[in-house]
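Trainee: Structure below; questions to follow.
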Amino acid sequence: MSYLANFNNENAKQILMDIIRCVNQPENSKKLSEAKASAGKEMILMMQHVFPLVMQLQLDVIKGHGFPGNREGLVQFSQLIREMERDDMEIARLRSQIRAIYLPPIAINTTNDILI
């Protein structure tokens with residue numbers, strides 16, 4: 001748990017940027033493009049094909065920064081990022097950039113607050 005003692009906003013930004021760089025590496029980008037193509041616009045298929053790839057890439061990156069390379073480490077990292085993004089717009093922007101990989105945009109009718 002020593003990785004938590006030194007974890008701050010700058011570390012968070014660095015890890016998030018490393019995740020984005022990892023996702024954009026040619027071999028990873030190709031795998032994600034293929035997974036997205038097979039999923040089409042189906043959210044369930046995105047969650048089955050794209051989401052696990054992104055999660056694995058995130059695990060690989062956070063493990064290199066001292067977090068456990070398992071589900072618990074990823075959950076812990078995600079919780080820390082969610083807390084930090086409230087006060088740091090750059091962290092929020094980077095997290096949104098990563099989420100956009102596996103969560104397609106959803107059209108929302110703000111007049112009635114319903115999904116369309």
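As shown in the structure tokens, the chain order sets the letters A, B, ...; within each chain, residues go from 1, and ligands are also counted from 1 in the order they appear.
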Tell me, as a list in words, which residues lie within 12 Å of Gly64 in chain A, counting only C-alpha atoms; anything in the same chain fewer than 5 positions away does not count.
Mentor: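 Here the qualifying residues turn out to be Tyr3, Gln14, Ile15, Asp18, Ile19, Cys22, Leu57, Gln58, Leu59, Gly69 and Gly73 of chain A.
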Trainee: Hey, what's within 10 Å of Arg93 in chain A if we count only C-alpha atoms and toss same-chain stuff fewer than 6 positions away? As a ChimeraX atom specification, please?
Mentor: /A:13,16,85,99
Trainee: Do you know which residues are at most 8 Å from Val54 in chain A counting only C-alpha atoms, after dropping those on the same chain fewer than 2 positions away, and could you put them as a PyMOL selection string?
Mentor: chain A and resi 23+32+50-52+56-58+101-102
Trainee: Dump all heavy atoms for the selected residues as a PDB file, in the first residue's frame?
Mentor:
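Now in part.pdb:
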```pdb
ATOM      1  N   VAL A  23      -3.329   2.741 -24.863  1.00  0.00           N
ATOM      2  CA  VAL A  23      -4.475   2.452 -25.731  1.00  0.00           C
ATOM      3  C   VAL A  23      -4.161   2.835 -27.182  1.00  0.00           C
ATOM      4  O   VAL A  23      -4.583   2.152 -28.114  1.00  0.00           O
ATOM      5  CB  VAL A  23      -5.724   3.204 -25.224  1.00  0.00           C
ATOM      6  CG1 VAL A  23      -6.812   3.254 -26.266  1.00  0.00           C
ATOM      7  CG2 VAL A  23      -6.237   2.562 -23.945  1.00  0.00           C
ATOM      8  N   LEU A  32      -8.551  -2.746 -30.424  1.00  0.00           N
ATOM      9  CA  LEU A  32      -9.749  -2.021 -30.020  1.00  0.00           C
ATOM     10  C   LEU A  32     -10.628  -1.684 -31.220  1.00  0.00           C
ATOM     11  O   LEU A  32     -11.852  -1.787 -31.143  1.00  0.00           O
ATOM     12  CB  LEU A  32      -9.368  -0.747 -29.262  1.00  0.00           C
ATOM     13  CG  LEU A  32      -8.883  -0.983 -27.838  1.00  0.00           C
ATOM     14  CD1 LEU A  32      -8.226   0.266 -27.273  1.00  0.00           C
ATOM     15  CD2 LEU A  32     -10.026  -1.425 -26.954  1.00  0.00           C
ATOM     16  N   VAL A  50     -15.159  -4.646 -26.097  1.00  0.00           N
ATOM     17  CA  VAL A  50     -14.258  -3.497 -25.973  1.00  0.00           C
ATOM     18  C   VAL A  50     -13.867  -3.255 -24.517  1.00  0.00           C
ATOM     19  O   VAL A  50     -12.681  -3.079 -24.206  1.00  0.00           O
ATOM     20  CB  VAL A  50     -14.906  -2.229 -26.583  1.00  0.00           C
ATOM     21  CG1 VAL A  50     -13.984  -1.028 -26.437  1.00  0.00           C
ATOM     22  CG2 VAL A  50     -15.247  -2.460 -28.051  1.00  0.00           C
ATOM     23  N   PHE A  51     -14.841  -3.246 -23.630  1.00  0.00           N
ATOM     24  CA  PHE A  51     -14.596  -2.965 -22.222  1.00  0.00           C
ATOM     25  C   PHE A  51     -13.492  -3.845 -21.616  1.00  0.00           C
ATOM     26  O   PHE A  51     -12.579  -3.321 -20.975  1.00  0.00           O
ATOM     27  CB  PHE A  51     -15.907  -3.091 -21.434  1.00  0.00           C
ATOM     28  CG  PHE A  51     -15.799  -2.740 -19.986  1.00  0.00           C
ATOM     29  CD1 PHE A  51     -15.697  -1.421 -19.582  1.00  0.00           C
ATOM     30  CD2 PHE A  51     -15.808  -3.738 -19.022  1.00  0.00           C
ATOM     31  CE1 PHE A  51     -15.593  -1.103 -18.235  1.00  0.00           C
ATOM     32  CE2 PHE A  51     -15.712  -3.434 -17.683  1.00  0.00           C
ATOM     33  CZ  PHE A  51     -15.611  -2.109 -17.290  1.00  0.00           C
ATOM     34  N   PRO A  52     -13.526  -5.166 -21.816  1.00  0.00           N
ATOM     35  CA  PRO A  52     -12.461  -5.999 -21.224  1.00  0.00           C
ATOM     36  C   PRO A  52     -11.064  -5.649 -21.751  1.00  0.00           C
ATOM     37  O   PRO A  52     -10.088  -5.704 -20.992  1.00  0.00           O
ATOM     38  CB  PRO A  52     -12.840  -7.428 -21.636  1.00  0.00           C
ATOM     39  CG  PRO A  52     -14.289  -7.371 -21.942  1.00  0.00           C
ATOM     40  CD  PRO A  52     -14.546  -5.990 -22.465  1.00  0.00           C
ATOM     41  N   GLN A  56      -8.046  -4.393 -19.328  1.00  0.00           N
ATOM     42  CA  GLN A  56      -6.763  -5.090 -19.274  1.00  0.00           C
ATOM     43  C   GLN A  56      -5.600  -4.130 -19.506  1.00  0.00           C
ATOM     44  O   GLN A  56      -4.580  -4.204 -18.821  1.00  0.00           O
ATOM     45  CB  GLN A  56      -6.716  -6.232 -20.295  1.00  0.00           C
ATOM     46  CG  GLN A  56      -5.462  -7.086 -20.182  1.00  0.00           C
ATOM     47  CD  GLN A  56      -5.278  -7.690 -18.793  1.00  0.00           C
ATOM     48  OE1 GLN A  56      -6.160  -8.358 -18.278  1.00  0.00           O
ATOM     49  NE2 GLN A  56      -4.131  -7.440 -18.168  1.00  0.00           N
ATOM     50  N   LEU A  57      -5.767  -3.214 -20.440  1.00  0.00           N
ATOM     51  CA  LEU A  57      -4.721  -2.220 -20.696  1.00  0.00           C
ATOM     52  C   LEU A  57      -4.532  -1.328 -19.472  1.00  0.00           C
ATOM     53  O   LEU A  57      -3.392  -1.013 -19.096  1.00  0.00           O
ATOM     54  CB  LEU A  57      -5.058  -1.385 -21.934  1.00  0.00           C
ATOM     55  CG  LEU A  57      -5.080  -2.160 -23.255  1.00  0.00           C
ATOM     56  CD1 LEU A  57      -5.588  -1.271 -24.385  1.00  0.00           C
ATOM     57  CD2 LEU A  57      -3.708  -2.727 -23.584  1.00  0.00           C
ATOM     58  N   GLN A  58      -5.630  -0.946 -18.835  1.00  0.00           N
ATOM     59  CA  GLN A  58      -5.526  -0.137 -17.623  1.00  0.00           C
ATOM     60  C   GLN A  58      -4.810  -0.907 -16.513  1.00  0.00           C
ATOM     61  O   GLN A  58      -3.967  -0.348 -15.814  1.00  0.00           O
ATOM     62  CB  GLN A  58      -6.911   0.295 -17.142  1.00  0.00           C
ATOM     63  CG  GLN A  58      -7.533   1.370 -17.993  1.00  0.00           C
ATOM     64  CD  GLN A  58      -8.807   1.907 -17.390  1.00  0.00           C
ATOM     65  OE1 GLN A  58      -8.795   2.461 -16.294  1.00  0.00           O
ATOM     66  NE2 GLN A  58      -9.916   1.745 -18.094  1.00  0.00           N
ATOM     67  N   ILE A 101     -13.707   5.621 -24.913  1.00  0.00           N
ATOM     68  CA  ILE A 101     -13.234   4.496 -25.722  1.00  0.00           C
ATOM     69  C   ILE A 101     -14.255   3.366 -25.700  1.00  0.00           C
ATOM     70  O   ILE A 101     -14.533   2.748 -26.719  1.00  0.00           O
ATOM     71  CB  ILE A 101     -11.868   3.993 -25.213  1.00  0.00           C
ATOM     72  CG1 ILE A 101     -10.811   5.088 -25.353  1.00  0.00           C
ATOM     73  CG2 ILE A 101     -11.448   2.722 -25.953  1.00  0.00           C
ATOM     74  CD1 ILE A 101      -9.541   4.816 -24.578  1.00  0.00           C
ATOM     75  N   TYR A 102     -14.820   3.109 -24.526  1.00  0.00           N
ATOM     76  CA  TYR A 102     -15.736   1.972 -24.405  1.00  0.00           C
ATOM     77  C   TYR A 102     -17.187   2.350 -24.137  1.00  0.00           C
ATOM     78  O   TYR A 102     -18.053   1.487 -24.149  1.00  0.00           O
ATOM     79  CB  TYR A 102     -15.250   0.981 -23.341  1.00  0.00           C
ATOM     80  CG  TYR A 102     -15.132   1.553 -21.947  1.00  0.00           C
ATOM     81  CD1 TYR A 102     -16.204   1.531 -21.076  1.00  0.00           C
ATOM     82  CD2 TYR A 102     -13.938   2.104 -21.499  1.00  0.00           C
ATOM     83  CE1 TYR A 102     -16.104   2.043 -19.803  1.00  0.00           C
ATOM     84  CE2 TYR A 102     -13.820   2.615 -20.221  1.00  0.00           C
ATOM     85  CZ  TYR A 102     -14.897   2.586 -19.384  1.00  0.00           C
ATOM     86  OH  TYR A 102     -14.784   3.093 -18.117  1.00  0.00           O
TER      87      TYR A 102
END
```
Trainee: For CA of Met17 in chain A and CA of Ala100 in chain A, determine how far apart the two atoms are, in Å to one decimal place.
Mentor: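 Computing it gives 14.3 Å between the two atoms.
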Trainee: Distance CA of Val75 in chain A-CA of Glu27 in chain A, one decimal place?
Mentor: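 Atom-to-atom, CA of Val75 in chain A and CA of Glu27 in chain A are spaced 25.4 Å apart.
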Trainee: Rounded to one decimal place, report the CA of Gln76 in chain A-CA of Gln25 in chain A distance in Å.
Mentor: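 Answer for the CA of Gln76 in chain A to CA of Gln25 in chain A separation: 25.0 Å.
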Trainee: Going by DSSP on the backbone, which residues of chain A come out as alpha helix (DSSP H)? List them as a ChimeraX atom specification.
Mentor: /A:2-5,9-23,26-39,43-64,71-85,89-102
Trainee: Using only C-alpha atoms, can you tell me which of A:Leu74, A:Met46, A:Ala12, A:Ala5 comes closest to Leu94 in chain A?
Mentor: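 Closest to Leu94 in chain A, using only C-alpha atoms: A:Ala12.
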Trainee: Return the single residue from A:His49, A:Phe7, A:Asn28, A:Gly40 that is closest to Leu80 in chain A, with distances computed using only C-alpha atoms.
Mentor: A:Phe7
Trainee: Considering only C-alpha atoms, can you say which of A:Val61, A:Ile81, A:Leu53, A:Ile91 comes closest to Lys36 in chain A?
Mentor: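 For Lys36 in chain A, the nearest of the candidates is A:Leu53.
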Trainee: May I have all residues of chain A that DSSP, computed from the backbone, assigns to strand (DSSP E or B), given as a list in words?
Mentor: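 Those in chain A that DSSP calls strand (DSSP E or B) are Ile108, Asn109, Ile114 and Leu115 of chain A.
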